[in-house]
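Chemist: File start.txt below, compact mmCIF, C-alpha atoms:
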```
# COMPACT_ATOMS: atom_id res chain seq x y z
CA MET A 1 0.00 0.00 0.00
CA SER A 2 1.40 3.35 -1.04
CA THR A 3 1.47 6.18 1.46
CA VAL A 4 0.87 9.85 0.73
CA GLN A 5 3.94 11.92 1.36
CA PRO A 6 3.20 15.15 3.22
CA LEU A 7 4.07 18.35 1.40
CA SER A 8 6.53 20.79 2.82
CA LEU A 9 5.45 24.30 3.78
CA ASP A 10 7.35 25.78 0.83
CA ALA A 11 5.57 23.44 -1.56
CA LEU A 12 2.17 24.34 -0.11
CA LEU A 13 2.81 28.05 -0.46
CA THR A 14 3.45 27.66 -4.18
CA ARG A 15 0.10 25.96 -4.86
CA ALA A 16 -2.34 28.04 -6.93
CA ASP A 17 -5.38 26.57 -5.15
CA LEU A 18 -4.21 27.68 -1.70
CA TRP A 19 -5.68 30.92 -0.40
CA ARG A 20 -3.62 33.06 1.95
CA GLY A 21 -5.35 35.09 4.62
CA GLN A 22 -3.62 38.31 3.60
CA ASP A 23 -4.85 38.01 0.00
CA ALA A 24 -8.20 39.39 -1.12
CA VAL A 25 -10.61 36.80 -2.49
CA ARG A 26 -11.31 37.61 -6.12
CA SER A 27 -14.86 36.77 -7.07
CA GLN A 28 -16.07 36.08 -10.60
CA GLY A 29 -19.67 36.92 -9.78
CA PRO A 30 -21.68 39.75 -11.32
CA ARG A 31 -20.53 43.23 -10.42
CA VAL A 32 -20.88 46.87 -11.44
CA ALA A 33 -17.87 49.16 -11.68
CA SER A 34 -18.04 51.82 -8.98
CA GLY A 35 -16.62 54.54 -11.21
CA PHE A 36 -13.71 55.08 -8.78
CA ALA A 37 -10.51 53.26 -9.75
CA PRO A 38 -9.05 53.09 -6.19
CA LEU A 39 -12.29 51.62 -4.85
CA ASP A 40 -12.57 49.06 -7.65
CA ALA A 41 -9.01 47.96 -6.96
CA ALA A 42 -9.81 47.42 -3.27
CA LEU A 43 -13.02 45.44 -3.83
CA PRO A 44 -12.65 41.68 -4.42
CA GLU A 45 -15.12 41.82 -7.30
CA LYS A 46 -13.30 44.80 -8.86
CA GLY A 47 -16.54 46.74 -8.42
CA TRP A 48 -19.78 46.75 -6.43
CA PRO A 49 -20.90 43.13 -6.01
CA CYS A 50 -24.34 42.13 -7.29
CA GLY A 51 -26.54 39.45 -5.79
CA CYS A 52 -25.70 40.36 -2.19
CA VAL A 53 -26.17 43.13 0.35
CA SER A 54 -23.58 45.90 0.57
CA GLU A 55 -23.79 48.08 3.68
CA ILE A 56 -22.84 51.74 3.59
CA LEU A 57 -22.47 53.27 7.03
CA SER A 58 -22.33 57.03 7.59
CA SER A 59 -22.71 59.43 10.48
CA GLY A 60 -25.44 61.48 8.85
CA ARG A 61 -27.38 62.20 5.70
CA GLY A 62 -25.91 64.23 2.90
CA LEU A 63 -22.36 63.06 3.49
CA GLY A 64 -22.05 61.76 -0.06
CA GLU A 65 -23.45 58.24 0.23
CA VAL A 66 -25.72 58.63 -2.81
CA SER A 67 -23.04 60.37 -4.86
CA LEU A 68 -20.80 57.39 -4.17
CA VAL A 69 -23.15 54.96 -5.93
CA LEU A 70 -24.41 57.26 -8.70
CA PRO A 71 -21.70 56.27 -11.23
CA ALA A 72 -22.70 52.61 -10.81
CA LEU A 73 -26.38 53.45 -11.26
CA ARG A 74 -25.59 55.28 -14.49
CA ALA A 75 -23.71 52.21 -15.75
CA LEU A 76 -26.69 49.86 -15.32
CA ALA A 77 -28.21 48.74 -18.61
CA PRO A 78 -31.75 50.08 -19.22
CA GLU A 79 -33.09 46.57 -19.75
CA ALA A 80 -31.72 45.44 -16.36
CA GLY A 81 -34.80 46.76 -14.58
CA TRP A 82 -35.94 49.38 -12.10
CA ILE A 83 -33.83 51.47 -9.75
CA VAL A 84 -35.80 51.56 -6.48
CA LEU A 85 -35.26 53.79 -3.45
CA VAL A 86 -36.87 52.46 -0.27
CA ALA A 87 -37.48 54.79 2.68
CA PRO A 88 -35.16 57.63 1.60
CA PRO A 89 -34.56 60.06 4.48
CA GLY A 90 -35.58 63.11 2.45
CA ARG A 91 -37.58 64.14 -0.56
CA VAL A 92 -36.08 62.84 -3.79
CA HIS A 93 -35.19 65.78 -6.04
CA ALA A 94 -36.01 64.49 -9.51
CA PRO A 95 -34.12 67.19 -11.49
CA ALA A 96 -30.91 66.38 -9.59
CA TRP A 97 -31.17 62.67 -10.42
CA LEU A 98 -31.88 63.47 -14.04
CA ALA A 99 -28.91 65.84 -14.18
CA ARG A 100 -26.69 63.05 -12.83
CA GLY A 101 -27.70 60.75 -15.69
CA VAL A 102 -30.37 58.57 -14.06
CA ALA A 103 -33.50 58.28 -16.21
CA LEU A 104 -36.60 59.13 -14.21
CA SER A 105 -38.62 56.61 -16.24
CA ARG A 106 -36.88 53.75 -14.39
CA LEU A 107 -36.71 55.34 -10.93
CA LEU A 108 -39.20 54.27 -8.26
CA VAL A 109 -39.54 55.60 -4.70
CA VAL A 110 -41.17 53.48 -1.96
CA GLN A 111 -42.13 55.27 1.23
CA ALA A 112 -42.09 52.89 4.21
CA SER A 113 -40.73 52.73 7.72
CA GLY A 114 -39.53 50.20 10.25
CA GLN A 115 -40.29 46.56 9.50
CA ASP A 116 -42.44 47.59 6.55
CA ALA A 117 -39.36 48.98 4.79
CA ALA A 118 -37.41 45.73 5.22
CA TRP A 119 -40.44 43.70 4.08
CA ALA A 120 -40.81 45.92 1.01
CA CYS A 121 -37.16 45.30 0.11
CA GLU A 122 -37.69 41.53 0.21
CA GLN A 123 -40.77 41.73 -1.99
CA LEU A 124 -39.04 43.99 -4.49
CA LEU A 125 -36.03 41.71 -4.79
CA GLY A 126 -38.34 38.72 -5.15
CA SER A 127 -40.04 40.34 -8.14
CA GLY A 128 -36.92 39.90 -10.26
CA ALA A 129 -37.56 43.29 -11.88
CA LEU A 130 -34.82 45.33 -10.17
CA ALA A 131 -31.52 46.54 -11.49
CA ALA A 132 -30.67 48.20 -8.18
CA LEU A 133 -32.15 48.59 -4.72
CA LEU A 134 -31.13 51.46 -2.44
CA ALA A 135 -32.66 51.12 1.03
CA TRP A 136 -32.33 53.23 4.17
CA LEU A 137 -32.78 50.82 7.08
CA PRO A 138 -31.30 52.53 10.16
CA GLY A 139 -33.05 50.36 12.74
CA SER A 140 -33.07 46.99 10.99
CA HIS A 141 -32.42 43.86 13.05
CA PRO A 142 -29.83 41.20 12.13
CA HIS A 143 -32.53 38.68 11.18
CA GLN A 144 -34.04 41.21 8.76
CA LEU A 145 -30.65 41.72 7.14
CA ARG A 146 -30.20 37.95 6.86
CA ARG A 147 -33.54 37.64 5.09
CA LEU A 148 -32.55 40.49 2.80
CA GLN A 149 -29.20 38.84 2.08
CA VAL A 150 -30.97 35.60 1.14
CA ALA A 151 -33.38 37.48 -1.13
CA ALA A 152 -30.54 39.39 -2.80
CA GLY A 153 -28.61 36.15 -3.33
CA LYS A 154 -31.33 34.93 -5.68
CA THR A 155 -30.87 37.92 -7.98
CA GLU A 156 -28.17 39.75 -9.89
CA SER A 157 -29.34 43.12 -8.57
CA LEU A 158 -27.21 45.79 -6.99
CA CYS A 159 -28.39 45.99 -3.36
CA MET A 160 -27.17 48.86 -1.18
CA VAL A 161 -28.34 49.32 2.40
CA PHE A 162 -27.61 52.60 4.20
CA ARG A 163 -27.25 52.50 7.97
CA PRO A 164 -25.71 54.71 10.70
CA THR A 165 -22.08 54.38 11.71
CA SER A 166 -23.14 52.98 15.10
CA ALA A 167 -24.25 49.78 13.33
CA ALA A 168 -20.58 48.87 12.82
CA ARG A 169 -20.51 47.61 16.43
CA HIS A 170 -22.96 44.84 15.57
CA PRO A 171 -22.41 41.82 13.29
CA SER A 172 -23.96 41.78 9.84
CA PRO A 173 -24.49 39.10 7.19
CA ALA A 174 -23.52 41.57 4.46
CA PRO A 175 -20.28 40.43 2.78
CA LEU A 176 -19.29 44.06 2.18
CA ARG A 177 -19.44 46.84 4.77
CA ILE A 178 -17.93 50.27 4.29
CA ALA A 179 -17.93 53.36 6.51
CA LEU A 180 -17.95 56.90 5.16
CA SER A 181 -16.61 60.11 6.62
CA GLY A 182 -15.94 63.53 5.16
CA SER A 183 -12.58 65.10 4.49
CA PRO A 184 -11.44 68.40 2.92
CA ARG A 185 -10.31 66.49 -0.19
CA GLY A 186 -13.46 64.43 -0.72
CA LEU A 187 -14.97 61.33 0.85
CA MET A 188 -13.13 58.91 3.12
CA VAL A 189 -14.11 55.30 2.47
CA ASP A 190 -13.09 52.71 5.07
CA ILE A 191 -13.75 49.10 4.06
CA LEU A 192 -14.67 47.39 7.34
CA LYS A 193 -15.54 44.01 5.87
CA ARG A 194 -14.89 42.33 2.56
CA ARG A 195 -14.09 38.87 1.22
CA GLY A 196 -10.50 38.83 2.35
CA PRO A 197 -8.45 40.90 4.80
CA PRO A 198 -9.56 44.37 5.91
CA LEU A 199 -8.23 47.38 4.07
CA SER A 200 -5.01 48.69 5.58
CA ALA A 201 -5.99 52.36 5.22
CA PRO A 202 -9.11 54.29 4.18
CA LEU A 203 -9.51 55.51 0.61
CA ASN A 204 -9.90 59.19 -0.17
CA LEU A 205 -12.25 59.63 -3.13
CA ALA A 206 -13.22 62.78 -4.99
CA ILE A 207 -16.98 62.71 -5.56
CA GLU A 208 -19.42 64.96 -7.35
CA ARG A 209 -21.21 67.28 -4.97
CA PRO A 210 -23.35 70.40 -5.43
CA LEU A 211 -20.94 72.31 -3.14
CA PRO A 212 -17.23 71.77 -2.38
CA TRP A 213 -16.33 70.21 0.95
CA GLN A 214 -14.49 73.36 2.03
CA ARG A 215 -17.68 75.41 1.76
CA LEU A 216 -19.79 72.76 3.48
CA ALA A 217 -17.34 72.64 6.38
CA ARG A 218 -17.12 76.41 6.75
CA ARG A 219 -18.53 77.73 9.99
CA HIS A 220 -21.56 79.96 9.73
CA VAL A 221 -20.71 83.44 10.97
CA THR A 222 -23.51 85.87 11.76
CA PRO A 223 -22.72 89.15 10.01
CA THR A 224 -22.39 92.23 12.22
CA PRO A 225 -25.08 94.80 11.40
CA VAL A 226 -23.78 98.07 10.07
CA HIS A 227 -25.52 101.20 11.44
CA THR A 228 -25.66 104.05 9.00
CA GLN A 229 -27.31 107.44 9.03
CA PRO A 230 -30.40 107.79 6.85
CA VAL A 231 -29.75 109.43 3.51
CA ARG A 232 -31.88 112.38 2.51
CA VAL A 233 -32.78 112.60 -1.14
CA ASP A 234 -34.12 115.94 -2.38
CA ALA A 235 -36.56 116.06 -5.20
```
Go through the file and emit its structure as structure tokens.

Modeler:
Amino acid sequence: MSTVQPLSLDALLTRADLWRGQDAVRSQGPRVASGFAPLDAALPEKGWPCGCVSEILSSGRGLGEVSLVLPALRALAPEAGWIVLVAPPGRVHAPAWLARGVALSRLLVVQASGQDAAWACEQLLGSGALAALLAWLPGSHPHQLRRLQVAAGKTESLCMVFRPTSAARHPSPAPLRIALSGSPRGLMVDILKRRGPPLSAPLNLAIERPLPWQRLARRHVTPTPVHTQPVRVDA
């Protein structure tokens, strides 16, 4: 009877089918380019993964979370389906979306709250008619996210869930979690979780915004009133 000779450590490390913990796992699944080369290079799929939940965590609205995904939304083929916004935190400004290249004819807005919002996301993904789902679920429970992850796994849709930064303290079934913060140069993107090791340092991305970051960060100063004498105008 022949015996199997054990391989040396050096021989194991040269095998192509051996994954090292410090290497990112490259997936061949469906994806959509993010429109930001540094971000695509850091993501295992070389873009936003489809068919799964991606969590975007931020400290407040208007930080740039929607601007971050707009290039991917523009890249979606028209025949891929609807782009649906579930429970957006503010009124959707249609002219702004149109100016950014998103056709209003394929944009749907679903107003819901709490468990109804999570339930609506499941039903929408189950319809098979979505190209992308953007959902604001600040108070969702882990079991709701697991159900959403299962529903997304049966599709090839882009599924983005926006939650507060405090959610980073709790586990999540989403294979991709990123945290956003502002900086004078643009938007800081910290990849908290991905298929592979965590990112060594946050990415600094320049995103399209109505106003530059420097102006948004400027402190509001109340102007000092100027007292002048009344001017007499003769006829």

Chemist: Measuring atom to atom with all atoms listed in the file, identify which of A:Arg147, A:His141, A:Lys46, A:Arg169 is nearest to Gln123 of chain A.

Modeler: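 Of the candidates, the smallest distance to Gln123 of chain A is held by A:Arg147.
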
Chemist: Which is closer to Gly51 of chain A than all the others in A:Ala131, A:Pro88, A:Pro138, A:Leu192, using all atoms listed in the file?

Modeler: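 Between A:Ala131, A:Pro88, A:Pro138, A:Leu192, the residue approaching Gly51 of chain A most closely is A:Ala131.
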
Chemist: So that I can see what lies close to Ala103 of chain A, please list as a ChimeraX atom specification the residues with an atom at most 9 Å from it, counting only C-alpha atoms and leaving out residues fewer than 4 positions away in the same chain.

Modeler: /A:74,78,97-98,107

Chemist: Which one of A:Leu57, A:Val92, A:Val102, A:Ala132 sits closest to Pro71 of chain A if you count only C-alpha atoms?

Modeler: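 Distance minimum relative to Pro71 of chain A lands on A:Val102.
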
Chemist: In terms of the shortest atom-to-atom distance over all atoms listed in the file, which of A:Thr155, A:Ser54, A:Pro44, A:Glu79 is closest to Arg106 of chain A?

Modeler: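 Of all the options, A:Glu79 lies closest to Arg106 of chain A.
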
Chemist: How big is the axis-aligned box around all listed atoms of segment 155-172 of chain A once 3 Å goes on each side, and where's its centre, in Å to one decimal, as JSON?

Modeler:
```
{"center_x": -25.7, "center_y": 46.3, "center_z": 3.3, "size_x": 16.4, "size_y": 22.8, "size_z": 32.3}
```

Chemist: Near segment 179-184 of chain A, counting all atoms listed in the file, which residues have an atom at most 7 Å away, once you skip same-chain residues fewer than 2 positions from it, shown as a PDB file with C-alpha atoms, in the frame of the given file?

Modeler:
```pdb
ATOM      1  CA  ILE A  56     -22.840  51.740   3.590  1.00  0.00           C
ATOM      2  CA  LEU A  57     -22.470  53.270   7.030  1.00  0.00           C
ATOM      3  CA  SER A  58     -22.330  57.030   7.590  1.00  0.00           C
ATOM      4  CA  LEU A  63     -22.360  63.060   3.490  1.00  0.00           C
ATOM      5  CA  THR A 165     -22.080  54.380  11.710  1.00  0.00           C
ATOM      6  CA  ARG A 177     -19.440  46.840   4.770  1.00  0.00           C
ATOM      7  CA  GLY A 186     -13.460  64.430  -0.720  1.00  0.00           C
ATOM      8  CA  LEU A 187     -14.970  61.330   0.850  1.00  0.00           C
ATOM      9  CA  MET A 188     -13.130  58.910   3.120  1.00  0.00           C
ATOM     10  CA  VAL A 189     -14.110  55.300   2.470  1.00  0.00           C
ATOM     11  CA  ASP A 190     -13.090  52.710   5.070  1.00  0.00           C
ATOM     12  CA  ILE A 191     -13.750  49.100   4.060  1.00  0.00           C
ATOM     13  CA  LEU A 192     -14.670  47.390   7.340  1.00  0.00           C
ATOM     14  CA  TRP A 213     -16.330  70.210   0.950  1.00  0.00           C
ATOM     15  CA  GLN A 214     -14.490  73.360   2.030  1.00  0.00           C
TER      16      GLN A 214
END
```

Chemist: Under the rule that all atoms listed in the file are counted, which of A:Pro202, A:Leu108, A:Glu45, A:Leu137 is the nearest residue to Val84 of chain A?

Modeler: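 Answer, going by the shortest atom-to-atom distance: A:Leu108.
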
Chemist: Using all atoms listed in the file for the distances, tell me which of A:Arg185, A:Arg100, A:Arg195, A:Arg146 is nearest to Pro171 of chain A.

Modeler: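 For Pro171 of chain A, the nearest of the given residues is A:Arg146.
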
Chemist: Figure out the distance between atom CA of Met160 of chain A and atom CA of Gly64 of chain A, please, to one decimal in Å.

Modeler: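 We find that atom CA of Gly64 of chain A and atom CA of Met160 of chain A lie 13.9 Å from each other.
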
Chemist: For a quick check of your reading of the model, name the residues lying within 6 Å of the coordinate (-34.3, 46.0, -12.0), counting all atoms listed in the file, and write them as an MDAnalysis selection string.

Modeler: chainID A and resid 80:83 129:132

Chemist: Generate a file of the selected residues that holds C-alpha atoms, formatted as an mmCIF file, keeping the file's coordinate frame.

Modeler:
```cif
data_model
loop_
_atom_site.group_PDB
_atom_site.id
_atom_site.type_symbol
_atom_site.label_atom_id
_atom_site.label_comp_id
_atom_site.auth_asym_id
_atom_site.auth_seq_id
_atom_site.Cartn_x
_atom_site.Cartn_y
_atom_site.Cartn_z
ATOM 1 C CA ALA A 80 -31.720 45.440 -16.360
ATOM 2 C CA GLY A 81 -34.800 46.760 -14.580
ATOM 3 C CA TRP A 82 -35.940 49.380 -12.100
ATOM 4 C CA ILE A 83 -33.830 51.470 -9.750
ATOM 5 C CA ALA A 129 -37.560 43.290 -11.880
ATOM 6 C CA LEU A 130 -34.820 45.330 -10.170
ATOM 7 C CA ALA A 131 -31.520 46.540 -11.490
ATOM 8 C CA ALA A 132 -30.670 48.200 -8.180
#
```

Chemist: Using atom CA of Val53 of chain A and atom CA of Leu145 of chain A as the two end points, give the distance in Å to one decimal.

Modeler: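 Taking atom CA of Val53 of chain A and atom CA of Leu145 of chain A, their separation equals 8.3 Å.
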
Chemist: To one decimal place, how far is atom CA of His93 of chain A from atom CA of Val66 of chain A in Å?

Modeler: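 Those two atoms sit 12.3 Å apart.
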
Chemist: Could you please fill out segment 57-68 of chain A with all heavy atoms and send it back as a compact mmCIF listing (two decimals), in the frame of the given file?

Modeler:
```
# COMPACT_ATOMS: atom_id res chain seq x y z
N LEU A 57 -22.24 52.67 5.73
CA LEU A 57 -22.47 53.27 7.03
C LEU A 57 -21.94 54.71 7.03
O LEU A 57 -20.83 54.97 6.57
CB LEU A 57 -21.75 52.47 8.13
CG LEU A 57 -21.95 50.94 8.09
CD1 LEU A 57 -21.16 50.28 9.22
CD2 LEU A 57 -23.42 50.59 8.19
N SER A 58 -22.75 55.63 7.53
CA SER A 58 -22.33 57.03 7.59
C SER A 58 -22.92 57.67 8.83
O SER A 58 -23.91 57.20 9.39
CB SER A 58 -22.76 57.79 6.33
OG SER A 58 -24.17 57.81 6.23
N SER A 59 -22.31 58.77 9.24
CA SER A 59 -22.71 59.43 10.48
C SER A 59 -23.93 60.33 10.29
O SER A 59 -24.52 60.77 11.27
CB SER A 59 -21.55 60.25 11.03
OG SER A 59 -21.10 61.19 10.05
N GLY A 60 -24.29 60.62 9.07
CA GLY A 60 -25.44 61.48 8.85
C GLY A 60 -25.78 61.55 7.38
O GLY A 60 -25.00 61.13 6.51
N ARG A 61 -26.94 62.08 7.07
CA ARG A 61 -27.38 62.20 5.70
C ARG A 61 -26.65 63.34 5.00
O ARG A 61 -26.20 64.29 5.62
CB ARG A 61 -28.89 62.45 5.66
CG ARG A 61 -29.34 63.59 6.50
CD ARG A 61 -30.84 63.73 6.57
NE ARG A 61 -31.40 64.15 5.30
CZ ARG A 61 -32.67 64.54 5.15
NH1 ARG A 61 -33.49 64.52 6.18
NH2 ARG A 61 -33.11 64.91 3.99
N GLY A 62 -26.55 63.19 3.68
CA GLY A 62 -25.91 64.23 2.90
C GLY A 62 -24.41 64.21 2.91
O GLY A 62 -23.76 65.13 2.42
N LEU A 63 -23.81 63.14 3.43
CA LEU A 63 -22.36 63.06 3.49
C LEU A 63 -21.76 62.74 2.13
O LEU A 63 -20.60 63.04 1.88
CB LEU A 63 -21.94 62.01 4.52
CG LEU A 63 -20.47 61.92 4.87
CD1 LEU A 63 -20.00 63.22 5.51
CD2 LEU A 63 -20.21 60.76 5.82
N GLY A 64 -22.55 62.15 1.25
CA GLY A 64 -22.05 61.76 -0.06
C GLY A 64 -22.33 60.30 -0.38
O GLY A 64 -21.79 59.76 -1.34
N GLU A 65 -23.19 59.66 0.42
CA GLU A 65 -23.45 58.24 0.23
C GLU A 65 -24.14 57.96 -1.11
O GLU A 65 -23.85 56.95 -1.77
CB GLU A 65 -24.27 57.67 1.39
CG GLU A 65 -25.65 58.30 1.60
CD GLU A 65 -25.63 59.56 2.41
OE1 GLU A 65 -24.53 60.10 2.64
OE2 GLU A 65 -26.72 60.02 2.80
N VAL A 66 -25.04 58.84 -1.52
CA VAL A 66 -25.72 58.63 -2.81
C VAL A 66 -24.78 58.96 -3.96
O VAL A 66 -24.75 58.27 -4.97
CB VAL A 66 -27.01 59.46 -2.87
CG1 VAL A 66 -27.65 59.33 -4.25
CG2 VAL A 66 -27.99 58.98 -1.80
N SER A 67 -24.00 60.03 -3.82
CA SER A 67 -23.04 60.37 -4.86
C SER A 67 -22.02 59.26 -5.08
O SER A 67 -21.51 59.10 -6.19
CB SER A 67 -22.30 61.67 -4.48
OG SER A 67 -23.20 62.76 -4.40
N LEU A 68 -21.75 58.49 -4.04
CA LEU A 68 -20.80 57.39 -4.17
C LEU A 68 -21.31 56.29 -5.10
O LEU A 68 -20.52 55.67 -5.81
CB LEU A 68 -20.50 56.81 -2.78
CG LEU A 68 -19.50 55.65 -2.73
CD1 LEU A 68 -18.12 56.11 -3.17
CD2 LEU A 68 -19.44 55.05 -1.32
```
